[in-house]
>>> print(open('protein_27.cif').read())   # mmCIF, C-alpha atoms
data_final
#
loop_
_atom_site.label_atom_id
_atom_site.label_comp_id
_atom_site.auth_asym_id
_atom_site.auth_seq_id
_atom_site.Cartn_x
_atom_site.Cartn_y
_atom_site.Cartn_z
CA MET V 1 0.00 0.00 0.00
CA PRO V 2 1.44 3.37 -0.99
CA HIS V 3 1.04 4.96 2.41
CA ALA V 4 2.92 8.11 3.27
CA PRO V 5 5.22 7.76 6.28
CA HIS V 6 3.57 7.55 9.66
CA PRO V 7 4.37 11.09 10.90
CA ARG V 8 1.97 12.44 8.29
CA ARG V 9 -0.94 10.58 9.90
CA ARG V 10 0.09 11.61 13.37
CA PHE V 11 0.14 15.17 12.14
CA GLU V 12 -3.43 14.86 10.82
CA ILE V 13 -4.59 13.46 14.21
CA TRP V 14 -2.95 16.36 16.00
CA VAL V 15 -4.40 19.02 13.67
CA GLY V 16 -7.85 17.42 13.92
CA ALA V 17 -7.66 17.63 17.70
CA ARG V 18 -6.28 21.16 17.58
CA ASP V 19 -9.00 22.40 15.21
CA SER V 20 -11.60 20.99 17.61
CA LEU V 21 -10.30 23.10 20.50
CA PRO V 22 -13.04 25.77 20.32
CA MET V 23 -15.60 22.94 20.30
CA LEU V 24 -13.93 21.36 23.33
CA LEU V 25 -14.23 24.62 25.25
CA GLY V 26 -17.86 24.96 24.17
CA ALA V 27 -18.75 21.40 25.19
CA ALA V 28 -16.88 21.46 28.52
CA PRO V 29 -19.47 23.37 30.59
CA PHE V 30 -22.21 21.05 29.35
CA GLY V 31 -20.21 17.96 30.29
CA ILE V 32 -19.68 19.39 33.76
CA ILE V 33 -23.35 20.39 34.17
CA PHE V 34 -24.42 16.95 32.94
CA GLY V 35 -22.22 15.26 35.53
CA THR V 36 -23.46 17.57 38.28
CA LEU V 37 -27.15 17.08 37.49
CA ALA V 38 -26.96 13.32 36.90
CA VAL V 39 -27.19 12.12 40.50
CA PRO V 40 -29.96 14.53 41.59
CA SER V 41 -31.90 13.44 38.48
CA GLY V 42 -31.84 9.82 39.59
CA LEU V 43 -28.87 8.40 37.68
CA SER V 44 -26.00 6.85 39.66
CA ALA V 45 -22.51 8.38 39.40
CA LEU V 46 -21.36 5.27 37.58
CA GLY V 47 -24.39 5.49 35.29
CA ALA V 48 -23.53 9.09 34.39
CA LEU V 49 -19.96 8.12 33.47
CA ALA V 50 -21.16 5.07 31.54
CA MET V 51 -23.62 7.22 29.63
CA SER V 52 -20.90 9.64 28.55
CA LEU V 53 -18.66 6.71 27.64
CA PHE V 54 -21.16 4.63 25.68
CA VAL V 55 -23.92 6.95 24.44
CA PHE V 56 -21.70 10.01 23.87
CA ALA V 57 -24.47 12.34 22.70
CA GLY V 58 -24.79 15.50 24.77
CA SER V 59 -28.29 16.67 23.96
CA SER V 60 -29.92 13.27 24.33
CA GLN V 61 -28.01 12.67 27.57
CA PHE V 62 -29.44 15.92 28.96
CA ILE V 63 -32.93 15.08 27.77
CA ALA V 64 -32.63 11.60 29.29
CA LEU V 65 -31.80 13.17 32.66
CA ASN V 66 -34.79 15.45 32.40
CA LEU V 67 -37.08 12.58 31.46
CA LEU V 68 -35.63 10.32 34.14
CA ALA V 69 -36.28 12.94 36.83
CA GLY V 70 -39.84 13.27 35.55
CA GLY V 71 -40.45 9.53 35.80
CA ALA V 72 -40.58 8.82 32.08
CA ALA V 73 -40.86 5.25 30.77
CA LEU V 74 -37.88 3.65 29.03
CA PRO V 75 -39.54 3.50 25.58
CA VAL V 76 -40.26 7.24 25.74
CA ILE V 77 -36.62 8.00 26.56
CA LEU V 78 -35.40 5.75 23.74
CA LEU V 79 -37.86 7.21 21.23
CA THR V 80 -36.81 10.73 22.19
CA THR V 81 -33.14 9.74 21.89
CA PHE V 82 -33.84 8.40 18.42
CA VAL V 83 -35.64 11.53 17.26
CA VAL V 84 -33.11 13.93 18.78
CA ASN V 85 -30.20 12.01 17.25
CA LEU V 86 -31.70 11.63 13.78
CA ARG V 87 -29.71 14.66 12.65
CA HIS V 88 -26.57 12.52 12.99
CA ALA V 89 -27.87 10.38 10.13
CA LEU V 90 -27.77 13.52 7.99
CA TYR V 91 -24.15 14.06 8.98
CA SER V 92 -23.13 10.51 8.17
CA ALA V 93 -24.99 10.70 4.86
CA THR V 94 -22.98 13.84 4.08
CA LEU V 95 -19.65 12.25 5.06
CA LEU V 96 -20.39 8.91 3.40
CA PRO V 97 -18.58 9.66 0.10
CA HIS V 98 -15.40 10.34 2.09
CA VAL V 99 -15.48 7.22 4.24
CA ALA V 100 -16.89 4.86 1.61
CA GLY V 101 -13.35 3.71 0.77
CA LEU V 102 -12.50 2.85 4.38
CA ARG V 103 -12.84 -0.57 6.00
CA GLN V 104 -15.60 -1.22 8.51
CA ARG V 105 -13.05 -1.25 11.35
CA TRP V 106 -12.59 2.45 10.57
CA ARG V 107 -16.20 3.24 9.78
CA ILE V 108 -17.58 1.77 13.02
CA PRO V 109 -15.56 3.93 15.44
CA LEU V 110 -15.88 7.00 13.21
CA ALA V 111 -19.67 6.54 13.26
CA PHE V 112 -19.72 5.97 17.03
CA TRP V 113 -17.84 9.22 17.62
CA LEU V 114 -19.76 11.37 15.12
CA THR V 115 -21.08 14.48 16.90
CA ASP V 116 -22.26 17.92 15.82
CA GLU V 117 -18.87 19.38 16.67
CA THR V 118 -16.77 16.77 14.90
CA PHE V 119 -19.00 16.96 11.84
CA ALA V 120 -18.55 20.73 11.68
CA VAL V 121 -14.76 20.46 11.81
CA VAL V 122 -14.34 17.36 9.64
CA GLN V 123 -16.55 18.39 6.75
CA LEU V 124 -14.35 21.50 6.41
CA ARG V 125 -11.24 19.30 6.26
CA TYR V 126 -12.80 17.06 3.61
CA ALA V 127 -13.77 20.14 1.61
CA ALA V 128 -10.17 21.42 1.64
CA PRO V 129 -8.60 21.26 -1.84
CA ASP V 130 -5.55 19.11 -0.94
CA LEU V 131 -5.81 15.45 -1.87
CA SER V 132 -4.33 14.00 1.33
CA PRO V 133 -5.24 10.32 1.71
CA HIS V 134 -5.09 10.72 5.49
CA LYS V 135 -8.08 12.96 6.14
CA HIS V 136 -9.73 10.20 8.16
CA TRP V 137 -6.87 10.49 10.64
CA TYR V 138 -7.88 14.13 11.07
CA TYR V 139 -11.46 12.93 11.67
CA LEU V 140 -10.09 10.48 14.26
CA GLY V 141 -8.14 13.26 15.99
CA SER V 142 -11.25 15.40 16.35
CA CYS V 143 -13.19 12.37 17.68
CA LEU V 144 -10.60 11.44 20.30
CA ALA V 145 -10.34 15.03 21.54
CA MET V 146 -14.12 15.40 21.85
CA TYR V 147 -14.53 11.99 23.47
CA GLY V 148 -11.79 12.45 26.06
CA ASN V 149 -13.01 15.95 26.83
CA TRP V 150 -16.63 14.84 27.30
CA PHE V 151 -15.69 12.01 29.62
CA LEU V 152 -13.34 14.11 31.75
CA CYS V 153 -15.89 16.93 32.05
CA THR V 154 -18.57 14.45 33.10
CA LEU V 155 -16.17 13.10 35.73
CA VAL V 156 -15.47 16.62 37.01
CA GLY V 157 -19.22 17.28 37.21
CA VAL V 158 -19.91 14.06 39.10
CA VAL V 159 -17.13 14.80 41.60
CA LEU V 160 -18.35 18.39 42.04
CA GLY V 161 -21.90 17.20 42.58
CA ARG V 162 -20.71 14.77 45.25
CA SER V 163 -18.41 17.14 47.11
CA ILE V 164 -20.86 20.04 47.33
CA PRO V 165 -23.86 18.73 49.28
CA GLY V 166 -27.25 20.26 48.59
CA LEU V 167 -26.21 21.26 45.08
CA GLU V 168 -29.51 19.96 43.75
CA HIS V 169 -31.42 22.57 45.77
CA LEU V 170 -29.47 25.40 44.18
CA GLY V 171 -31.68 25.34 41.13
CA LEU V 172 -28.89 24.16 38.86
CA GLU V 173 -31.53 22.55 36.66
CA PHE V 174 -32.04 26.08 35.49
CA ALA V 175 -28.73 25.70 33.64
CA MET V 176 -30.47 23.08 31.52
CA ALA V 177 -33.45 25.34 30.80
CA ALA V 178 -31.08 28.20 29.97
CA THR V 179 -29.02 26.00 27.65
CA PHE V 180 -32.07 24.87 25.71
CA THR V 181 -33.47 28.41 25.57
CA GLY V 182 -30.15 29.74 24.28
CA ILE V 183 -30.09 27.10 21.55
CA VAL V 184 -33.71 27.55 20.47
CA VAL V 185 -34.13 31.34 20.42
CA PRO V 186 -31.61 32.15 17.63
CA MET V 187 -33.33 29.50 15.47
CA LEU V 188 -36.67 31.34 15.60
CA ARG V 189 -35.83 33.61 12.68
CA ASN V 190 -38.70 32.60 10.41
CA LEU V 191 -42.40 31.91 10.72
CA PRO V 192 -42.31 28.10 10.34
CA MET V 193 -39.70 27.80 13.13
CA LEU V 194 -41.67 30.13 15.38
CA GLY V 195 -44.85 28.17 14.66
CA ALA V 196 -43.07 24.91 15.44
CA ALA V 197 -41.88 26.28 18.79
CA LEU V 198 -45.30 27.68 19.75
CA ALA V 199 -47.09 24.47 18.80
CA ALA V 200 -44.58 22.35 20.72
CA ALA V 201 -44.88 24.58 23.79
CA ALA V 202 -48.68 24.61 23.69
CA VAL V 203 -48.98 20.84 23.36
CA ALA V 204 -46.30 20.24 26.00
CA LEU V 205 -48.20 22.43 28.46
CA ALA V 206 -51.61 20.99 27.61
CA ALA V 207 -50.41 17.37 27.70
CA ARG V 208 -48.07 17.65 30.68
CA GLY V 209 -50.39 15.49 32.80
CA LEU V 210 -50.00 12.46 30.53
CA PRO V 211 -48.08 9.54 32.07
CA TYR V 212 -44.51 8.54 31.15
CA LYS V 213 -43.83 12.00 29.71
CA LEU V 214 -45.74 11.01 26.59
CA GLY V 215 -46.68 14.67 26.30
CA LEU V 216 -43.12 15.38 25.14
CA VAL V 217 -43.44 13.00 22.21
CA LEU V 218 -46.80 14.52 21.21
CA ALA V 219 -45.43 18.04 21.57
CA ALA V 220 -42.35 17.30 19.45
CA LEU V 221 -44.55 15.72 16.79
CA ALA V 222 -46.93 18.71 16.80
CA GLY V 223 -44.01 21.13 16.50
CA VAL V 224 -42.49 19.29 13.54
CA VAL V 225 -45.83 18.96 11.73
CA VAL V 226 -46.70 22.64 12.21
CA GLY V 227 -43.23 23.70 11.04
CA VAL V 228 -43.35 21.57 7.90
CA VAL V 229 -46.91 22.61 7.04
CA LEU V 230 -46.11 26.32 7.47
CA GLU V 231 -43.03 25.91 5.28
CA GLU V 232 -45.06 24.16 2.56
CA LEU V 233 -47.71 26.89 2.74
CA ARG V 234 -45.10 29.60 2.45
CA GLU V 235 -43.59 27.93 -0.59
CA ALA V 236 -46.98 27.42 -2.21
CA HIS V 237 -47.65 31.10 -1.59
CA ALA V 238 -44.34 32.19 -3.09
CA ARG V 239 -44.91 30.23 -6.28
CA PRO V 240 -46.35 32.35 -9.14
CA MET C 1 -25.70 0.46 38.57
CA ARG C 2 -29.19 -0.90 38.86
CA GLY C 3 -30.87 -3.04 36.25
CA HIS C 4 -33.07 -0.38 34.73
CA GLU C 5 -30.07 1.91 34.46
CA VAL C 6 -28.15 -0.71 32.49
CA ALA C 7 -31.17 -1.13 30.20
CA LEU C 8 -31.44 2.65 29.76
CA ILE C 9 -27.77 3.11 28.85
CA ALA C 10 -27.65 0.01 26.64
CA GLY C 11 -30.80 1.12 24.83
CA MET C 12 -29.60 4.69 24.32
CA THR C 13 -26.21 3.41 23.15
CA ALA C 14 -27.81 1.10 20.60
CA VAL C 15 -30.24 3.73 19.28
CA THR C 16 -27.58 6.45 19.03
CA PHE C 17 -25.00 4.21 17.38
CA LEU C 18 -27.43 2.76 14.85
CA VAL C 19 -28.54 6.25 13.78
CA ARG C 20 -24.93 7.35 13.34
CA TYR C 21 -23.79 4.15 11.64
CA ALA C 22 -26.70 3.39 9.29
CA PHE C 23 -25.31 5.36 6.34
CA PHE C 24 -21.70 4.31 6.92
CA ALA C 25 -22.83 0.67 7.00
CA LEU C 26 -25.27 0.58 4.13
CA GLY C 27 -23.79 3.26 1.93
CA ASP C 28 -25.86 4.35 -1.03
CA ARG C 29 -28.50 1.68 -0.44
CA LEU C 30 -30.10 4.11 2.04
CA ALA C 31 -31.68 7.41 1.00
CA PHE C 32 -33.31 10.23 2.91
CA PRO C 33 -36.69 11.27 1.49
CA PRO C 34 -36.90 15.08 1.02
CA LEU C 35 -39.79 15.38 3.47
CA ALA C 36 -37.69 13.72 6.19
CA HIS C 37 -34.90 16.21 5.46
CA ARG C 38 -37.34 19.04 5.93
CA ALA C 39 -38.96 17.60 9.05
CA LEU C 40 -35.58 17.00 10.73
CA ARG C 41 -34.80 20.69 10.76
CA TYR C 42 -37.74 21.28 13.11
CA VAL C 43 -36.82 18.54 15.58
CA PRO C 44 -34.41 20.52 17.79
CA VAL C 45 -36.72 23.51 18.13
CA ALA C 46 -39.77 21.32 18.81
CA VAL C 47 -38.14 19.00 21.35
CA LEU C 48 -36.21 21.64 23.26
CA THR C 49 -39.16 24.05 23.45
CA ALA C 50 -41.41 21.22 24.63
CA ILE C 51 -38.98 20.56 27.48
CA VAL C 52 -38.35 24.18 28.45
CA ALA C 53 -41.90 25.60 28.37
CA PRO C 54 -43.28 23.59 31.34
CA MET C 55 -40.01 23.98 33.32
CA VAL C 56 -40.16 27.76 33.04
CA LEU C 57 -43.90 28.40 33.33
CA LEU C 58 -44.62 25.85 36.08
CA PRO C 59 -41.37 25.76 38.08
CA ASP C 60 -42.81 23.52 40.81
CA GLY C 61 -44.27 21.17 38.23
CA ALA C 62 -47.90 21.80 39.23
CA HIS C 63 -48.78 25.51 39.37
CA TRP C 64 -48.69 28.21 36.72
CA GLN C 65 -46.45 31.09 37.71
CA LEU C 66 -46.73 33.88 35.16
CA ASP C 67 -45.40 36.80 37.21
CA TRP C 68 -42.17 38.55 38.16
CA HIS C 69 -41.72 36.33 41.21
CA ASN C 70 -40.81 33.50 38.89
CA ALA C 71 -36.99 33.39 38.75
CA TRP C 72 -37.15 30.66 36.09
CA LEU C 73 -39.21 32.82 33.75
CA LEU C 74 -37.02 35.86 34.37
CA GLY C 75 -33.80 33.92 33.80
CA ALA C 76 -35.14 32.30 30.63
CA LEU C 77 -36.28 35.67 29.26
CA VAL C 78 -32.83 37.17 29.85
CA THR C 79 -31.20 34.10 28.25
CA GLY C 80 -33.52 34.43 25.27
CA LEU C 81 -32.89 38.15 24.86
CA ILE C 82 -29.11 37.75 24.92
CA ALA C 83 -29.31 34.78 22.55
CA TRP C 84 -31.53 36.74 20.17
CA ARG C 85 -29.41 39.88 20.22
CA PHE C 86 -25.89 38.39 20.21
CA ASN C 87 -26.37 34.81 19.01
CA HIS C 88 -23.79 33.63 21.55
CA LEU C 89 -24.78 30.50 23.46
CA LEU C 90 -22.40 30.64 26.41
CA ALA C 91 -22.98 34.35 26.97
CA SER C 92 -26.74 33.84 26.99
CA ILE C 93 -26.54 30.95 29.46
CA THR C 94 -24.18 32.86 31.75
CA GLY C 95 -26.43 35.93 31.66
CA GLY C 96 -29.53 33.87 32.41
CA LEU C 97 -27.84 31.98 35.25
CA LEU C 98 -26.59 35.23 36.74
CA VAL C 99 -30.07 36.78 36.75
CA PHE C 100 -31.61 33.55 38.05
CA PHE C 101 -29.25 33.17 41.00
CA LEU C 102 -29.09 36.90 41.82
CA TYR C 103 -32.87 37.07 41.83
CA ARG C 104 -33.22 34.01 44.04
CA TRP C 105 -30.55 35.37 46.37
CA VAL C 106 -32.14 38.83 46.63
CA VAL C 107 -35.76 37.72 46.82
CA GLY C 108 -35.01 34.46 48.55
CA GLY C 109 -37.44 32.59 46.33
#
>>> encode(input="protein_27.cif", output="structure tokens")
Amino acid sequence: MPHAPHPRRRFEIWVGARDSLPMLLGAAPFGIIFGTLAVPSGLSALGALAMSLFVFAGSSQFIALNLLAGGAALPVILLTTFVVNLRHALYSATLLPHVAGLRQRWRIPLAFWLTDETFAVVQLRYAAPDLSPHKHWYYLGSCLAMYGNWFLCTLVGVVLGRSIPGLEHLGLEFAMAATFTGIVVPMLRNLPMLGAALAAAAVALAARGLPYKLGLVLAALAGVVVGVVLEELREAHARP
Amino acid sequence: MRGHEVALIAGMTAVTFLVRYAFFALGDRLAFPPLAHRALRYVPVAVLTAIVAPMVLLPDGAHWQLDWHNAWLLGALVTGLIAWRFNHLLASITGGLLVFFLYRWVVGG
């Protein structure tokens, strides 16, 4: 195999990790908050670490905590995880042409570690004009940096949560509400998105009494349907 | 770890991995219908809003609290305003947390 010498690959790993640095800093507070909130939400410390190690999906981990604290049933948590993570399928569909030449022993870990952050960094690297055959090592570097960072931050959060008693009464769950609000609000720049948010909120409030947090599933569905319908209507309206 | 916790983590691991791996595994034999593409863009807004709205408007989980004594509502509004104006996630969270904790400290709510 006409492989370039090893240092070239090591360099790609290093640059991939380095380019992910802003993402590491951005993810760190969430890892720490996740670890801190896990035990008060009803997950064990070991469970929190295992979740970061095996699931490795920030937003669904947060949502799982929220659902767990609210007494949701396992199928509801799994369904929500599926829906929230569906966007990753879009990422892997986008990256597929670049990994199609790799063996499954590469594709499996690269899929496992595919996150929003790594996708953002890696698709830029793949779009770069140079024809390096080692771009998947860059991908790997970003993955390893994000993975290590997420696990360590979870660990820090768990330790913090344990060493500061009564932390759960501080209202730290507000950090979760603030995080979600901060993510959602900038997305409300057009009518379909706004409609989706309002519909989801209305159904969530109206159906909050349903058991197993089923109201969340209904609300998400309502939001998506309203958003898509409004978008279709707008397009139909714009057509001559 | 208790049994249901193992089931939870195993289930979430399987679901998350399969979603991420499906295209890498099957390649071009899998295609996203355009409607699914479109619907996916509304998932984050719908799910996150559905979680936040009850947390903020009924902080104790049972009673509506639509007034200025509600630190959750106040904090979320500040977070939203900063996010809207500056489009900076960490700044908006920090601002919201600051208002939330200051308010609870001052009012003792």
>>> atom_distance(input="protein_27.cif", atom1="atom CA of V:Gln61", atom2="atom CA of V:Thr81")
8.2 Å
>>> residues_around(input="protein_27.cif", residues="V:Leu46", least_positions_apart="6", cutoff="12 Å", atoms="all atoms listed in the file", output="PyMOL selection string")
(chain V and resi 35+38-39+52-54+151+154-155+158-159) or (chain C and resi 1-2+5-6+9)
>>> write_last_selection(input="protein_27.cif", atoms="C-alpha atoms", output="mmCIF file, keeping the file's coordinate frame")
data_model
loop_
_atom_site.group_PDB
_atom_site.id
_atom_site.type_symbol
_atom_site.label_atom_id
_atom_site.label_comp_id
_atom_site.auth_asym_id
_atom_site.auth_seq_id
_atom_site.Cartn_x
_atom_site.Cartn_y
_atom_site.Cartn_z
ATOM 1 C CA GLY V 35 -22.220 15.260 35.530
ATOM 2 C CA ALA V 38 -26.960 13.320 36.900
ATOM 3 C CA VAL V 39 -27.190 12.120 40.500
ATOM 4 C CA SER V 52 -20.900 9.640 28.550
ATOM 5 C CA LEU V 53 -18.660 6.710 27.640
ATOM 6 C CA PHE V 54 -21.160 4.630 25.680
ATOM 7 C CA PHE V 151 -15.690 12.010 29.620
ATOM 8 C CA THR V 154 -18.570 14.450 33.100
ATOM 9 C CA LEU V 155 -16.170 13.100 35.730
ATOM 10 C CA VAL V 158 -19.910 14.060 39.100
ATOM 11 C CA VAL V 159 -17.130 14.800 41.600
ATOM 12 C CA MET C 1 -25.700 0.460 38.570
ATOM 13 C CA ARG C 2 -29.190 -0.900 38.860
ATOM 14 C CA GLU C 5 -30.070 1.910 34.460
ATOM 15 C CA VAL C 6 -28.150 -0.710 32.490
ATOM 16 C CA ILE C 9 -27.770 3.110 28.850
#
>>> residues_around(input="protein_27.cif", residues="V:Pro109", least_positions_apart="3", cutoff="10 Å", atoms="all atoms listed in the file", output="list in words")
Gln104, Arg105, Trp106, Phe112, Trp113, Leu114, Leu140 and Cys143 of chain V; Phe17 and Tyr21 of chain C
>>> closest_atom_pairs(input="protein_27.cif", of="chain C", to="chain V", cutoff="7 Å", atoms="all atoms listed in the file", output="tab-separated table")
residue	atom	partner	partner_atom	distance
C:Met1	CA	V:Gly47	CA	6.1
C:Glu5	CA	V:Gly47	CA	6.8
C:Leu8	CA	V:Leu74	CA	6.6
C:Ile9	CA	V:Met51	CA	5.9
C:Gly11	CA	V:Leu78	CA	6.6
C:Met12	CA	V:Leu78	CA	5.9
C:Thr13	CA	V:Val55	CA	4.4
C:Val15	CA	V:Phe82	CA	6.0
C:Thr16	CA	V:Asn85	CA	6.4
C:Phe17	CA	V:Phe112	CA	5.6
C:Val19	CA	V:Ala89	CA	5.6
C:Arg20	CA	V:Ala89	CA	5.3
C:Tyr21	CA	V:Ala111	CA	5.0
C:Phe23	CA	V:Ala93	CA	5.6
C:Phe24	CA	V:Leu96	CA	5.9
C:Gly27	CA	V:Leu96	CA	6.8
C:Arg38	CA	V:Val228	CA	6.8
C:Ala39	CA	V:Val224	CA	6.0
C:Leu40	CA	V:Arg87	CA	6.6
C:Tyr42	CA	V:Val224	CA	5.2
C:Val43	CA	V:Val224	CA	6.1
C:Pro44	CA	V:Val84	CA	6.8
C:Val45	CA	V:Val184	CA	5.6
C:Ala46	CA	V:Ala220	CA	4.8
C:Val47	CA	V:Ala220	CA	4.9
C:Leu48	CA	V:Phe180	CA	5.8
C:Thr49	CA	V:Ala201	CA	5.8
C:Ala50	CA	V:Ala201	CA	4.9
C:Val52	CA	V:Ala177	CA	5.6
C:Ala53	CA	V:Ala201	CA	5.6
C:Pro54	CA	V:Leu205	CA	5.8
C:Trp72	CA	V:Phe174	CA	6.9
C:Ala76	CA	V:Ala178	CA	5.8
C:Thr79	CA	V:Gly182	CA	6.0
C:Gly80	CA	V:Val185	CA	5.8
C:Ala83	CA	V:Gly182	CA	5.4
C:Trp84	CA	V:Pro186	CA	5.2
C:Asn87	CA	V:Pro186	CA	6.0
C:Leu89	CA	V:Gly182	CA	5.5
C:Ser92	CA	V:Gly182	CA	6.0
C:Ile93	CA	V:Ala178	CA	5.3
C:Gly96	CA	V:Ala178	CA	6.4
C:Leu97	CA	V:Ala175	CA	6.5
>>> write_last_selection(input="protein_27.cif", atoms="C-alpha atoms", output="PDB file, keeping the file's coordinate frame")
ATOM      1  CA  MET C   1     -25.700   0.460  38.570  1.00  0.00           C
ATOM      2  CA  GLU C   5     -30.070   1.910  34.460  1.00  0.00           C
ATOM      3  CA  LEU C   8     -31.440   2.650  29.760  1.00  0.00           C
ATOM      4  CA  ILE C   9     -27.770   3.110  28.850  1.00  0.00           C
ATOM      5  CA  GLY C  11     -30.800   1.120  24.830  1.00  0.00           C
ATOM      6  CA  MET C  12     -29.600   4.690  24.320  1.00  0.00           C
ATOM      7  CA  THR C  13     -26.210   3.410  23.150  1.00  0.00           C
ATOM      8  CA  VAL C  15     -30.240   3.730  19.280  1.00  0.00           C
ATOM      9  CA  THR C  16     -27.580   6.450  19.030  1.00  0.00           C
ATOM     10  CA  PHE C  17     -25.000   4.210  17.380  1.00  0.00           C
ATOM     11  CA  VAL C  19     -28.540   6.250  13.780  1.00  0.00           C
ATOM     12  CA  ARG C  20     -24.930   7.350  13.340  1.00  0.00           C
ATOM     13  CA  TYR C  21     -23.790   4.150  11.640  1.00  0.00           C
ATOM     14  CA  PHE C  23     -25.310   5.360   6.340  1.00  0.00           C
ATOM     15  CA  PHE C  24     -21.700   4.310   6.920  1.00  0.00           C
ATOM     16  CA  GLY C  27     -23.790   3.260   1.930  1.00  0.00           C
ATOM     17  CA  ARG C  38     -37.340  19.040   5.930  1.00  0.00           C
ATOM     18  CA  ALA C  39     -38.960  17.600   9.050  1.00  0.00           C
ATOM     19  CA  LEU C  40     -35.580  17.000  10.730  1.00  0.00           C
ATOM     20  CA  TYR C  42     -37.740  21.280  13.110  1.00  0.00           C
ATOM     21  CA  VAL C  43     -36.820  18.540  15.580  1.00  0.00           C
ATOM     22  CA  PRO C  44     -34.410  20.520  17.790  1.00  0.00           C
ATOM     23  CA  VAL C  45     -36.720  23.510  18.130  1.00  0.00           C
ATOM     24  CA  ALA C  46     -39.770  21.320  18.810  1.00  0.00           C
ATOM     25  CA  VAL C  47     -38.140  19.000  21.350  1.00  0.00           C
ATOM     26  CA  LEU C  48     -36.210  21.640  23.260  1.00  0.00           C
ATOM     27  CA  THR C  49     -39.160  24.050  23.450  1.00  0.00           C
ATOM     28  CA  ALA C  50     -41.410  21.220  24.630  1.00  0.00           C
ATOM     29  CA  VAL C  52     -38.350  24.180  28.450  1.00  0.00           C
ATOM     30  CA  ALA C  53     -41.900  25.600  28.370  1.00  0.00           C
ATOM     31  CA  PRO C  54     -43.280  23.590  31.340  1.00  0.00           C
ATOM     32  CA  TRP C  72     -37.150  30.660  36.090  1.00  0.00           C
ATOM     33  CA  ALA C  76     -35.140  32.300  30.630  1.00  0.00           C
ATOM     34  CA  THR C  79     -31.200  34.100  28.250  1.00  0.00           C
ATOM     35  CA  GLY C  80     -33.520  34.430  25.270  1.00  0.00           C
ATOM     36  CA  ALA C  83     -29.310  34.780  22.550  1.00  0.00           C
ATOM     37  CA  TRP C  84     -31.530  36.740  20.170  1.00  0.00           C
ATOM     38  CA  ASN C  87     -26.370  34.810  19.010  1.00  0.00           C
ATOM     39  CA  LEU C  89     -24.780  30.500  23.460  1.00  0.00           C
ATOM     40  CA  SER C  92     -26.740  33.840  26.990  1.00  0.00           C
ATOM     41  CA  ILE C  93     -26.540  30.950  29.460  1.00  0.00           C
ATOM     42  CA  GLY C  96     -29.530  33.870  32.410  1.00  0.00           C
ATOM     43  CA  LEU C  97     -27.840  31.980  35.250  1.00  0.00           C
TER      44      LEU C  97
END
>>> atom_distance(input="protein_27.cif", atom1="atom CA of C:Met55", atom2="atom CA of C:Leu73")
8.9 Å
>>> closest_residue(input="protein_27.cif", among="V:Val156, V:His136, V:Met23, V:Ala72", to="V:Thr118", atoms="all atoms listed in the file")
V:Met23
>>> residues_near_point(input="protein_27.cif", point="(-2.7, 11.9, 14.3)", cutoff="10 Å", atoms="only C-alpha atoms", output="number ranges by chain")
V: 6-17, 134-142, 144
>>> closest_residue(input="protein_27.cif", among="C:Leu98, C:Leu26, C:Val56, C:Ile82", to="C:His69", atoms="only C-alpha atoms")
C:Val56
>>> resolve_selection(input="protein_27.cif", expression="the PyMOL selection byres ((chain C and resi 99) around 8)", output="mmCIF file with C-alpha atoms, in the frame of the given file")
data_model
loop_
_atom_site.group_PDB
_atom_site.id
_atom_site.type_symbol
_atom_site.label_atom_id
_atom_site.label_comp_id
_atom_site.auth_asym_id
_atom_site.auth_seq_id
_atom_site.Cartn_x
_atom_site.Cartn_y
_atom_site.Cartn_z
ATOM 1 C CA ALA C 71 -36.990 33.390 38.750
ATOM 2 C CA LEU C 74 -37.020 35.860 34.370
ATOM 3 C CA GLY C 75 -33.800 33.920 33.800
ATOM 4 C CA VAL C 78 -32.830 37.170 29.850
ATOM 5 C CA GLY C 95 -26.430 35.930 31.660
ATOM 6 C CA GLY C 96 -29.530 33.870 32.410
ATOM 7 C CA LEU C 97 -27.840 31.980 35.250
ATOM 8 C CA LEU C 98 -26.590 35.230 36.740
ATOM 9 C CA PHE C 100 -31.610 33.550 38.050
ATOM 10 C CA PHE C 101 -29.250 33.170 41.000
ATOM 11 C CA LEU C 102 -29.090 36.900 41.820
ATOM 12 C CA TYR C 103 -32.870 37.070 41.830
#
>>> closest_residue(input="protein_27.cif", among="V:Ala128, V:Ala238, V:Leu49, V:Leu191", to="V:Leu152", atoms="all atoms listed in the file")
V:Leu49
>>> atom_distance(input="protein_27.cif", atom1="atom CA of V:Ile32", atom2="atom CA of V:Phe62")
11.4 Å
>>> closest_residue(input="protein_27.cif", among="C:Leu35, C:Pro59, C:Leu90, C:Trp105", to="V:Ala28", atoms="all atoms listed in the file")
C:Leu90
>>> axis_aligned_box(input="protein_27.cif", around="stretch 72-85 of chain V", padding_each_side="4 Å", output="AutoDock Vina command-line options")
--center_x -35.5 --center_y 8.7 --center_z 24.7 --size_x 18.7 --size_y 18.4 --size_z 22.8
